[in-house]
file final_15.tsv (TSV, C-alpha atoms)
chain	number	residue	atom	x	y	z
A	1	MET	CA	71.29	220.88	232.51
A	2	ILE	CA	67.73	220.38	231.26
A	3	GLY	CA	66.69	223.96	232.06
A	4	LYS	CA	69.43	225.48	229.94
A	5	ALA	CA	68.78	222.99	227.11
A	6	ILE	CA	65.10	223.94	226.99
A	7	ARG	CA	65.89	227.65	226.94
A	8	MET	CA	68.57	227.22	224.29
A	9	GLU	CA	65.97	225.72	221.97
A	10	ARG	CA	64.03	228.98	222.19
A	11	ILE	CA	66.92	230.89	220.67
A	12	ILE	CA	68.62	228.26	218.47
A	13	ASP	CA	66.66	226.26	215.90
A	14	ARG	CA	66.66	222.63	217.05
A	15	ASN	CA	66.88	221.30	213.48
A	16	SER	CA	69.56	223.50	211.92
A	17	GLN	CA	71.34	224.19	215.23
A	18	ARG	CA	71.73	227.77	214.01
A	19	THR	CA	70.19	231.08	214.96
A	20	VAL	CA	69.21	234.51	213.66
A	21	ILE	CA	69.36	237.06	216.47
A	22	VAL	CA	68.34	240.69	216.04
A	23	PRO	CA	69.99	242.92	218.68
A	24	MET	CA	68.10	246.11	219.54
A	25	ASP	CA	70.19	247.41	222.41
A	26	HIS	CA	71.49	250.45	220.51
A	27	GLY	CA	69.19	252.97	222.22
A	28	VAL	CA	71.31	253.14	225.36
A	29	THR	CA	74.40	253.95	223.31
A	30	VAL	CA	73.12	256.44	220.75
A	31	GLY	CA	69.44	257.09	221.50
A	32	PRO	CA	66.30	256.30	219.46
A	33	ILE	CA	67.94	255.74	216.08
A	34	GLU	CA	66.09	254.95	212.88
A	35	GLY	CA	64.28	251.66	213.21
A	36	LEU	CA	64.15	251.67	217.00
A	37	ALA	CA	61.96	254.69	217.71
A	38	ASP	CA	58.88	252.46	217.50
A	39	MET	CA	60.16	249.23	219.00
A	40	ARG	CA	56.94	247.25	218.82
A	41	THR	CA	56.50	247.82	215.09
A	42	THR	CA	60.09	246.87	214.34
A	43	VAL	CA	59.95	243.78	216.53
A	44	SER	CA	56.77	242.71	214.76
A	45	LYS	CA	58.49	242.99	211.38
A	46	VAL	CA	61.65	241.06	212.25
A	47	VAL	CA	59.65	238.38	214.03
A	48	SER	CA	57.36	237.92	211.03
A	49	GLY	CA	60.51	237.53	208.94
A	50	GLY	CA	61.58	234.54	211.00
A	51	ALA	CA	64.05	235.80	213.61
A	52	ASN	CA	64.82	233.23	216.27
A	53	ALA	CA	65.43	235.78	219.00
A	54	ILE	CA	65.54	239.49	219.69
A	55	LEU	CA	67.90	241.15	222.14
A	56	MET	CA	67.04	244.25	224.15
A	57	HIS	CA	67.51	246.04	227.44
A	58	LYS	CA	65.18	245.37	230.35
A	59	GLY	CA	63.17	248.58	230.02
A	60	MET	CA	62.27	247.81	226.41
A	61	VAL	CA	60.77	244.41	227.12
A	62	ARG	CA	57.40	245.94	227.96
A	63	ALA	CA	57.66	248.43	225.09
A	64	GLY	CA	58.78	246.10	222.36
A	65	HIS	CA	58.45	242.39	223.09
A	66	ARG	CA	55.58	239.93	222.71
A	67	GLY	CA	52.44	241.78	221.79
A	68	THR	CA	50.82	240.24	218.74
A	69	GLY	CA	51.84	237.65	216.19
A	70	GLN	CA	54.11	234.67	216.68
A	71	ASP	CA	56.42	234.18	219.63
A	72	VAL	CA	60.14	234.84	219.56
A	73	GLY	CA	63.05	234.17	221.88
A	74	LEU	CA	63.95	236.97	224.29
A	75	ILE	CA	67.53	237.80	225.21
A	76	VAL	CA	67.89	240.51	227.86
A	77	HIS	CA	71.11	242.51	227.58
A	78	LEU	CA	72.83	243.13	230.91
A	79	SER	CA	75.56	245.60	229.83
A	80	ALA	CA	75.38	249.28	228.92
A	81	GLY	CA	77.52	252.27	228.06
A	82	THR	CA	76.75	255.52	226.25
A	83	SER	CA	78.48	257.34	223.41
A	84	LEU	CA	78.95	260.34	225.73
A	85	SER	CA	80.97	258.41	228.27
A	86	PRO	CA	84.63	259.45	228.75
A	87	ASP	CA	85.41	255.87	227.69
A	88	PRO	CA	82.80	254.62	225.19
A	89	ASN	CA	84.44	251.18	225.33
A	90	ALA	CA	83.57	250.76	229.01
A	91	LYS	CA	80.48	248.70	229.80
A	92	GLU	CA	78.72	248.36	233.14
A	93	LEU	CA	76.20	245.82	234.35
A	94	VAL	CA	72.77	247.45	234.51
A	95	CYS	CA	70.64	244.35	234.97
A	96	THR	CA	70.97	241.05	236.80
A	97	VAL	CA	70.27	237.50	235.71
A	98	GLU	CA	67.50	237.37	238.30
A	99	GLU	CA	65.82	240.48	236.85
A	100	ALA	CA	65.99	238.95	233.39
A	101	ILE	CA	64.34	235.77	234.66
A	102	LYS	CA	61.48	237.81	236.13
A	103	LEU	CA	61.05	239.49	232.73
A	104	GLY	CA	60.67	236.11	231.06
A	105	ALA	CA	64.04	236.03	229.32
A	106	ASP	CA	65.15	232.90	227.49
A	107	ALA	CA	68.79	234.03	227.68
A	108	VAL	CA	70.93	236.95	228.79
A	109	SER	CA	73.83	238.70	227.09
A	110	ILE	CA	76.82	240.76	228.13
A	111	HIS	CA	79.29	242.99	226.26
A	112	VAL	CA	83.05	242.87	226.84
A	113	ASN	CA	85.66	245.00	225.06
A	114	ILE	CA	89.06	243.37	225.48
A	115	GLY	CA	91.80	245.96	225.31
A	116	ALA	CA	89.74	248.75	226.82
A	117	GLU	CA	91.23	250.44	229.86
A	118	THR	CA	88.43	248.91	231.95
A	119	ASP	CA	88.52	245.44	230.45
A	120	ARG	CA	89.48	243.89	233.81
A	121	ASP	CA	86.19	245.19	235.23
A	122	MET	CA	84.23	243.81	232.29
A	123	LEU	CA	85.94	240.43	232.63
A	124	ARG	CA	85.13	240.37	236.35
A	125	GLN	CA	81.50	241.14	235.53
A	126	PHE	CA	81.58	238.37	232.93
A	127	GLY	CA	82.67	235.90	235.59
A	128	LEU	CA	79.95	236.97	238.01
A	129	VAL	CA	77.22	236.76	235.37
A	130	SER	CA	78.48	233.37	234.20
A	131	GLU	CA	78.18	232.00	237.74
A	132	ARG	CA	74.58	233.20	238.10
A	133	CYS	CA	73.72	231.77	234.68
A	134	THR	CA	75.05	228.39	235.77
A	135	PHE	CA	73.05	228.59	238.99
A	136	TRP	CA	69.78	229.45	237.19
A	137	GLN	CA	70.47	227.35	234.07
A	138	MET	CA	70.21	230.47	231.92
A	139	PRO	CA	71.95	230.58	228.51
A	140	LEU	CA	74.60	233.29	228.25
A	141	VAL	CA	75.47	235.14	225.04
A	142	ALA	CA	78.78	237.01	225.17
A	143	MET	CA	79.49	239.85	222.75
A	144	VAL	CA	83.27	239.99	222.85
A	145	TYR	CA	85.29	242.51	220.85
A	146	THR	CA	88.86	243.77	220.89
A	147	ARG	CA	88.65	247.54	221.24
A	148	GLY	CA	90.98	249.94	222.97
A	149	PRO	CA	94.25	251.91	222.79
A	150	LYS	CA	96.37	248.91	221.78
A	151	VAL	CA	93.95	247.53	219.18
A	152	ARG	CA	94.72	248.73	215.68
A	153	ASP	CA	92.41	246.38	213.79
A	154	GLU	CA	89.62	244.59	215.62
A	155	TYR	CA	88.96	242.52	212.47
A	156	ASP	CA	92.41	240.93	212.67
A	157	VAL	CA	92.00	237.17	212.87
A	158	GLU	CA	94.21	236.84	215.95
A	159	HIS	CA	92.10	239.39	217.78
A	160	ALA	CA	88.88	237.65	216.78
A	161	LYS	CA	90.29	234.28	217.85
A	162	LEU	CA	91.18	235.73	221.24
A	163	ALA	CA	87.74	237.31	221.63
A	164	ALA	CA	85.92	234.07	220.82
A	165	ARG	CA	88.11	231.99	223.08
A	166	VAL	CA	87.74	234.38	226.01
A	167	GLY	CA	83.97	234.08	225.66
A	168	ALA	CA	84.11	230.30	225.75
A	169	GLU	CA	86.69	230.14	228.54
A	170	LEU	CA	84.57	232.31	230.84
A	171	GLY	CA	81.38	230.32	230.38
A	172	ALA	CA	79.40	231.73	227.46
A	173	ASP	CA	77.02	229.38	225.64
A	174	ILE	CA	77.12	231.49	222.46
A	175	VAL	CA	79.89	233.92	221.50
A	176	LYS	CA	79.36	236.89	219.19
A	177	VAL	CA	82.42	238.28	217.39
A	178	VAL	CA	83.21	240.28	214.26
A	179	TYR	CA	83.60	238.57	210.90
A	180	THR	CA	87.23	238.59	209.83
A	181	GLY	CA	86.57	239.02	206.11
A	182	SER	CA	87.27	235.58	204.66
A	183	VAL	CA	86.18	231.99	205.02
A	184	GLU	CA	89.72	230.82	205.73
A	185	SER	CA	90.45	233.32	208.50
A	186	PHE	CA	87.05	232.96	210.17
A	187	ARG	CA	87.34	229.20	210.15
A	188	GLU	CA	90.30	229.64	212.50
A	189	VAL	CA	88.07	231.62	214.84
A	190	VAL	CA	85.38	228.93	214.87
A	191	GLN	CA	87.84	226.07	215.25
A	192	GLY	CA	89.42	227.72	218.29
A	193	CYS	CA	86.10	228.18	220.08
A	194	PRO	CA	84.31	225.14	221.58
A	195	VAL	CA	80.90	226.88	221.76
A	196	PRO	CA	78.69	228.22	218.92
A	197	VAL	CA	79.99	231.39	217.28
A	198	VAL	CA	77.73	233.99	215.64
A	199	ILE	CA	78.85	237.01	213.68
A	200	ALA	CA	78.10	240.63	214.43
A	201	GLY	CA	76.44	242.67	211.70
A	202	GLY	CA	78.55	245.73	212.35
A	203	PRO	CA	77.89	249.20	210.86
A	204	LYS	CA	75.23	249.73	208.21
A	205	MET	CA	76.57	248.24	204.98
A	206	GLY	CA	76.44	249.68	201.50
A	207	SER	CA	74.41	246.93	199.82
A	208	ASP	CA	72.29	243.88	200.54
A	209	GLU	CA	74.66	241.70	198.56
A	210	GLU	CA	77.53	242.77	200.80
A	211	ILE	CA	75.57	241.55	203.82
A	212	PHE	CA	74.68	238.26	202.14
A	213	ARG	CA	78.29	237.64	201.08
A	214	MET	CA	79.45	238.15	204.66
A	215	VAL	CA	76.83	235.73	205.98
A	216	GLU	CA	77.66	233.17	203.29
A	217	GLY	CA	81.34	233.27	204.22
A	218	ALA	CA	80.68	233.00	207.94
A	219	LEU	CA	78.36	230.02	207.53
A	220	GLU	CA	80.82	228.25	205.23
A	221	ALA	CA	83.47	228.74	207.90
A	222	GLY	CA	81.25	227.06	210.50
A	223	ALA	CA	79.42	229.93	212.19
A	224	ALA	CA	76.26	229.03	214.07
A	225	GLY	CA	74.38	232.01	212.70
A	226	LEU	CA	74.34	235.74	213.06
A	227	SER	CA	73.41	238.62	215.30
A	228	ILE	CA	72.59	241.49	212.97
A	229	GLY	CA	70.97	244.73	214.11
A	230	ARG	CA	71.21	247.86	211.99
A	231	ASN	CA	71.55	245.99	208.72
A	232	ALA	CA	68.22	244.35	209.54
A	233	PHE	CA	66.02	246.76	211.49
A	234	GLN	CA	67.14	249.79	209.45
A	235	HIS	CA	66.48	248.04	206.17
A	236	GLU	CA	63.67	249.34	203.97
A	237	HIS	CA	61.95	245.98	204.44
A	238	PRO	CA	63.14	244.46	207.75
A	239	ASP	CA	60.78	241.50	207.44
A	240	LYS	CA	62.07	240.55	204.00
A	241	MET	CA	65.70	241.02	205.04
A	242	ILE	CA	65.28	238.70	208.02
A	243	GLN	CA	63.42	236.21	205.84
A	244	ALA	CA	66.30	236.19	203.37
A	245	LEU	CA	68.91	235.83	206.12
A	246	SER	CA	66.90	233.05	207.77
A	247	ARG	CA	66.82	231.12	204.50
A	248	MET	CA	70.61	231.36	204.33
A	249	VAL	CA	71.13	230.37	207.95
A	250	HIS	CA	68.59	227.57	208.27
A	251	HIS	CA	68.16	226.32	204.70
A	252	GLU	CA	71.56	227.07	203.17
A	253	ALA	CA	70.13	229.41	200.54
A	254	SER	CA	72.66	231.00	198.22
A	255	VAL	CA	73.33	234.72	197.88
A	256	ALA	CA	71.24	234.69	194.69
A	257	GLU	CA	68.35	232.94	196.43
A	258	ALA	CA	68.54	235.36	199.36
A	259	THR	CA	68.46	238.27	196.95
A	260	GLU	CA	65.42	236.80	195.21
A	261	THR	CA	63.66	236.38	198.57
A	262	LEU	CA	64.34	240.01	199.36
A	263	LYS	CA	62.87	241.13	196.03
A	264	SER	CA	59.84	238.84	196.09
call {"tool": "encode", "arguments": {"input": "final_15.tsv", "output": "C-alpha cells"}}
result
Amino acid sequence: MIGKAIRMERIIDRNSQRTVIVPMDHGVTVGPIEGLADMRTTVSKVVSGGANAILMHKGMVRAGHRGTGQDVGLIVHLSAGTSLSPDPNAKELVCTVEEAIKLGADAVSIHVNIGAETDRDMLRQFGLVSERCTFWQMPLVAMVYTRGPKVRDEYDVEHAKLAARVGAELGADIVKVVYTGSVESFREVVQGCPVPVVIAGGPKMGSDEEIFRMVEGALEAGAAGLSIGRNAFQHEHPDKMIQALSRMVHHEASVAEATETLKS
C-alpha cells in the first residue's frame, strides 16, 4: 500500500494527520460563481494561505492548478450534475481514475446523495471507482450526503452517521459529511466511521466566527479536518481565511486566535 500512503501524505499533513481541502467543483453545478471566475488567482490565494489540497474537475486542472508559488495536493473530482437537471441530486461519473492519474492527481473524489431517486446508480459508481482506486493505489475522497424525497433534515445525526459509514464501507479513504451542529452529536459520526472524517463547509455563512465555531466543534469531536469551499474562496481575503483555518486544524488555535490571524 506504499503508493496510496505516499499520495495520502500529499493531501493530509503527516504531523497533524489532518487536512484543509478547498473544493472548487462548483462551476459544473452553478457556473462561474464569485471566486471561481479566475481560477488561477483564487488557487494562488488559498495555496498561499496553507491549504493542503484543492479539489476541481478535470478541465480546470490546466486552468487553475500548479502555476506559480508553492505546491499543493490535487484532488480530481469524478462526479458532476447541474442545477438545471430534472434531478439536481443525481450525479454522474464524468472522469475516470485513469484520467485523473494522467492529470497528476494525488487523489480522486466522488459525490453520492443517499436518498436521491438515483442513489443506487451513485452507489454502483462508488463501488466501481473504489475498485479502480485500489488497483492504482489512489486515495479516494467520498462526499456523502443524505438528500432526497425522504430526507427531511440532512443535518440529523442519524443521517450523518449513515452517510459517513456508507463512505467507509464502500472503500473511501476520507469521508466528507455535513457537520451536525454540536460536538456531542458529531462525535457519534466520527466514532462510527473507521476512516478520517472531514466536514463540509456548506452554504456561505453569515460571519467568520460562525465558521470558526463550526470548525472548533468538529475538531473537538475528532474530525480530521475540513473541506470548505465558498466560505473560503468567496471570502474577502481567501488567503487569510485559509491561514486562520489551517492554524485551527494543524495547530489547535482557538476561535479567538483564528480571528486574530484573519485580522492581522
call {"tool": "atom_distance", "arguments": {"input": "final_15.tsv", "atom1": "atom CA of Glu252 of chain A", "atom2": "atom CA of Ala221 of chain A"}}
result
12.9 Å
call {"tool": "residues_around", "arguments": {"input": "final_15.tsv", "residues": "Met56 of chain A", "least_positions_apart": "6", "cutoff": "6 Å", "atoms": "all atoms listed in the file", "output": "list in words"}}
result
Met24, Asp25, Val76 and His77 of chain A
call {"tool": "atom_distance", "arguments": {"input": "final_15.tsv", "atom1": "atom CA of His251 of chain A", "atom2": "atom CA of Gly222 of chain A"}}
result
14.3 Å
call {"tool": "atom_distance", "arguments": {"input": "final_15.tsv", "atom1": "atom CA of Val255 of chain A", "atom2": "atom CA of Glu154 of chain A"}}
result
26.0 Å
call {"tool": "residues_around", "arguments": {"input": "final_15.tsv", "residues": "segment 33-43 of chain A", "least_positions_apart": "6", "cutoff": "12 Å", "atoms": "only C-alpha atoms", "output": "JSON, numbers by chain"}}
result
{"A": [21, 22, 23, 24, 25, 26, 27, 49, 50, 51, 52, 53, 54, 55, 56, 57, 59, 60, 61, 62, 63, 64, 65, 66, 67, 68, 69, 70, 71, 72, 73, 74, 204, 229, 230, 231, 232, 233, 234, 235, 236, 237, 238, 239, 242]}
call {"tool": "closest_residue", "arguments": {"input": "final_15.tsv", "among": "A:Glu158, A:Ser254, A:Arg152, A:Ala172", "to": "Phe126 of chain A", "atoms": "all atoms listed in the file"}}
result
A:Ala172
call {"tool": "closest_residue", "arguments": {"input": "final_15.tsv", "among": "A:Glu98, A:Glu117, A:Asp87, A:Glu216", "to": "Lys150 of chain A", "atoms": "all atoms listed in the file"}}
result
A:Glu117
call {"tool": "closest_residue", "arguments": {"input": "final_15.tsv", "among": "A:Ile211, A:Ala224, A:Val157, A:Val183", "to": "Val197 of chain A", "atoms": "only C-alpha atoms"}}
result
A:Ala224
call {"tool": "residues_around", "arguments": {"input": "final_15.tsv", "residues": "Val189 of chain A", "least_positions_apart": "4", "cutoff": "12 Å", "atoms": "all atoms listed in the file", "output": "PyMOL selection string"}}
result
chain A and resi 155-168+175-185+193-199+218+221-223
call {"tool": "write_last_selection", "arguments": {"input": "final_15.tsv", "atoms": "C-alpha atoms", "output": "PDB file, in the frame of the given file"}}
result
ATOM      1  CA  TYR A 155      88.960 242.520 212.470  1.00  0.00           C
ATOM      2  CA  ASP A 156      92.410 240.930 212.670  1.00  0.00           C
ATOM      3  CA  VAL A 157      92.000 237.170 212.870  1.00  0.00           C
ATOM      4  CA  GLU A 158      94.210 236.840 215.950  1.00  0.00           C
ATOM      5  CA  HIS A 159      92.100 239.390 217.780  1.00  0.00           C
ATOM      6  CA  ALA A 160      88.880 237.650 216.780  1.00  0.00           C
ATOM      7  CA  LYS A 161      90.290 234.280 217.850  1.00  0.00           C
ATOM      8  CA  LEU A 162      91.180 235.730 221.240  1.00  0.00           C
ATOM      9  CA  ALA A 163      87.740 237.310 221.630  1.00  0.00           C
ATOM     10  CA  ALA A 164      85.920 234.070 220.820  1.00  0.00           C
ATOM     11  CA  ARG A 165      88.110 231.990 223.080  1.00  0.00           C
ATOM     12  CA  VAL A 166      87.740 234.380 226.010  1.00  0.00           C
ATOM     13  CA  GLY A 167      83.970 234.080 225.660  1.00  0.00           C
ATOM     14  CA  ALA A 168      84.110 230.300 225.750  1.00  0.00           C
ATOM     15  CA  VAL A 175      79.890 233.920 221.500  1.00  0.00           C
ATOM     16  CA  LYS A 176      79.360 236.890 219.190  1.00  0.00           C
ATOM     17  CA  VAL A 177      82.420 238.280 217.390  1.00  0.00           C
ATOM     18  CA  VAL A 178      83.210 240.280 214.260  1.00  0.00           C
ATOM     19  CA  TYR A 179      83.600 238.570 210.900  1.00  0.00           C
ATOM     20  CA  THR A 180      87.230 238.590 209.830  1.00  0.00           C
ATOM     21  CA  GLY A 181      86.570 239.020 206.110  1.00  0.00           C
ATOM     22  CA  SER A 182      87.270 235.580 204.660  1.00  0.00           C
ATOM     23  CA  VAL A 183      86.180 231.990 205.020  1.00  0.00           C
ATOM     24  CA  GLU A 184      89.720 230.820 205.730  1.00  0.00           C
ATOM     25  CA  SER A 185      90.450 233.320 208.500  1.00  0.00           C
ATOM     26  CA  CYS A 193      86.100 228.180 220.080  1.00  0.00           C
ATOM     27  CA  PRO A 194      84.310 225.140 221.580  1.00  0.00           C
ATOM     28  CA  VAL A 195      80.900 226.880 221.760  1.00  0.00           C
ATOM     29  CA  PRO A 196      78.690 228.220 218.920  1.00  0.00           C
ATOM     30  CA  VAL A 197      79.990 231.390 217.280  1.00  0.00           C
ATOM     31  CA  VAL A 198      77.730 233.990 215.640  1.00  0.00           C
ATOM     32  CA  ILE A 199      78.850 237.010 213.680  1.00  0.00           C
ATOM     33  CA  ALA A 218      80.680 233.000 207.940  1.00  0.00           C
ATOM     34  CA  ALA A 221      83.470 228.740 207.900  1.00  0.00           C
ATOM     35  CA  GLY A 222      81.250 227.060 210.500  1.00  0.00           C
ATOM     36  CA  ALA A 223      79.420 229.930 212.190  1.00  0.00           C
TER      37      ALA A 223
END
call {"tool": "residues_near_point", "arguments": {"input": "final_15.tsv", "point": "(78.6, 230.3, 232.4)", "cutoff": "6 Å", "atoms": "only C-alpha atoms", "output": "mmCIF file with C-alpha atoms, keeping the file's coordinate frame"}}
result
data_model
loop_
_atom_site.group_PDB
_atom_site.id
_atom_site.type_symbol
_atom_site.label_atom_id
_atom_site.label_comp_id
_atom_site.auth_asym_id
_atom_site.auth_seq_id
_atom_site.Cartn_x
_atom_site.Cartn_y
_atom_site.Cartn_z
ATOM 1 C CA SER A 130 78.480 233.370 234.200
ATOM 2 C CA GLU A 131 78.180 232.000 237.740
ATOM 3 C CA CYS A 133 73.720 231.770 234.680
ATOM 4 C CA THR A 134 75.050 228.390 235.770
ATOM 5 C CA GLY A 171 81.380 230.320 230.380
ATOM 6 C CA ALA A 172 79.400 231.730 227.460
#
call {"tool": "closest_residue", "arguments": {"input": "final_15.tsv", "among": "A:Lys4, A:Lys58, A:Arg187, A:Arg124", "to": "Cys95 of chain A", "atoms": "only C-alpha atoms"}}
result
A:Lys58
call {"tool": "closest_residue", "arguments": {"input": "final_15.tsv", "among": "A:Thr96, A:Gly217, A:Lys91, A:Ile228", "to": "Met241 of chain A", "atoms": "only C-alpha atoms"}}
result
A:Ile228
call {"tool": "axis_aligned_box", "arguments": {"input": "final_15.tsv", "around": "segment 235-239 of chain A", "padding_each_side": "4 Å", "output": "JSON"}}
result
{"center_x": 63.6, "center_y": 245.4, "center_z": 205.9, "size_x": 13.7, "size_y": 15.8, "size_z": 11.8}
call {"tool": "closest_residue", "arguments": {"input": "final_15.tsv", "among": "A:Met248, A:Leu93, A:Ile2, A:Met8", "to": "Asp173 of chain A", "atoms": "all atoms listed in the file"}}
result
A:Met8
call {"tool": "residues_around", "arguments": {"input": "final_15.tsv", "residues": "Asn89 of chain A", "least_positions_apart": "6", "cutoff": "10 Å", "atoms": "only C-alpha atoms", "output": "PyMOL selection string"}}
result
chain A and resi 80-83+111-119+145-148
call {"tool": "residues_near_point", "arguments": {"input": "final_15.tsv", "point": "(72.4, 227.2, 220.3)", "cutoff": "9 Å", "atoms": "all atoms listed in the file", "output": "NGL selection string"}}
result
:A and (5 or 8-14 or 17-19 or 139 or 173-174 or 195-196 or 224)
call {"tool": "build_atoms", "arguments": {"input": "final_15.tsv", "residues": "segment 210-222 of chain A", "atoms": "N, CA and C atoms", "output": "CSV table (one decimal), in the coordinates of the input"}}
result
chain,number,residue,atom,x,y,z
A,210,GLU,N,76.4,242.8,199.9
A,210,GLU,CA,77.5,242.8,200.8
A,210,GLU,C,77.2,242.0,202.1
A,211,ILE,N,76.0,242.2,202.6
A,211,ILE,CA,75.6,241.6,203.8
A,211,ILE,C,75.5,240.0,203.6
A,212,PHE,N,74.9,239.7,202.5
A,212,PHE,CA,74.7,238.3,202.1
A,212,PHE,C,76.0,237.6,201.9
A,213,ARG,N,77.0,238.2,201.3
A,213,ARG,CA,78.3,237.6,201.1
A,213,ARG,C,79.0,237.4,202.4
A,214,MET,N,78.9,238.3,203.3
A,214,MET,CA,79.4,238.2,204.7
A,214,MET,C,78.8,236.9,205.4
A,215,VAL,N,77.5,236.8,205.3
A,215,VAL,CA,76.8,235.7,206.0
A,215,VAL,C,77.2,234.4,205.3
A,216,GLU,N,77.3,234.4,204.0
A,216,GLU,CA,77.7,233.2,203.3
A,216,GLU,C,79.0,232.7,203.7
A,217,GLY,N,80.0,233.6,203.8
A,217,GLY,CA,81.3,233.3,204.2
A,217,GLY,C,81.4,232.8,205.6
A,218,ALA,N,80.7,233.4,206.5
A,218,ALA,CA,80.7,233.0,207.9
A,218,ALA,C,80.1,231.6,208.1
A,219,LEU,N,79.0,231.3,207.4
A,219,LEU,CA,78.4,230.0,207.5
A,219,LEU,C,79.3,228.9,206.9
A,220,GLU,N,79.9,229.2,205.8
A,220,GLU,CA,80.8,228.2,205.2
A,220,GLU,C,82.0,227.9,206.2
A,221,ALA,N,82.4,228.9,207.0
A,221,ALA,CA,83.5,228.7,207.9
A,221,ALA,C,83.0,228.0,209.2
A,222,GLY,N,81.7,227.8,209.3
A,222,GLY,CA,81.2,227.1,210.5
A,222,GLY,C,80.5,227.9,211.5
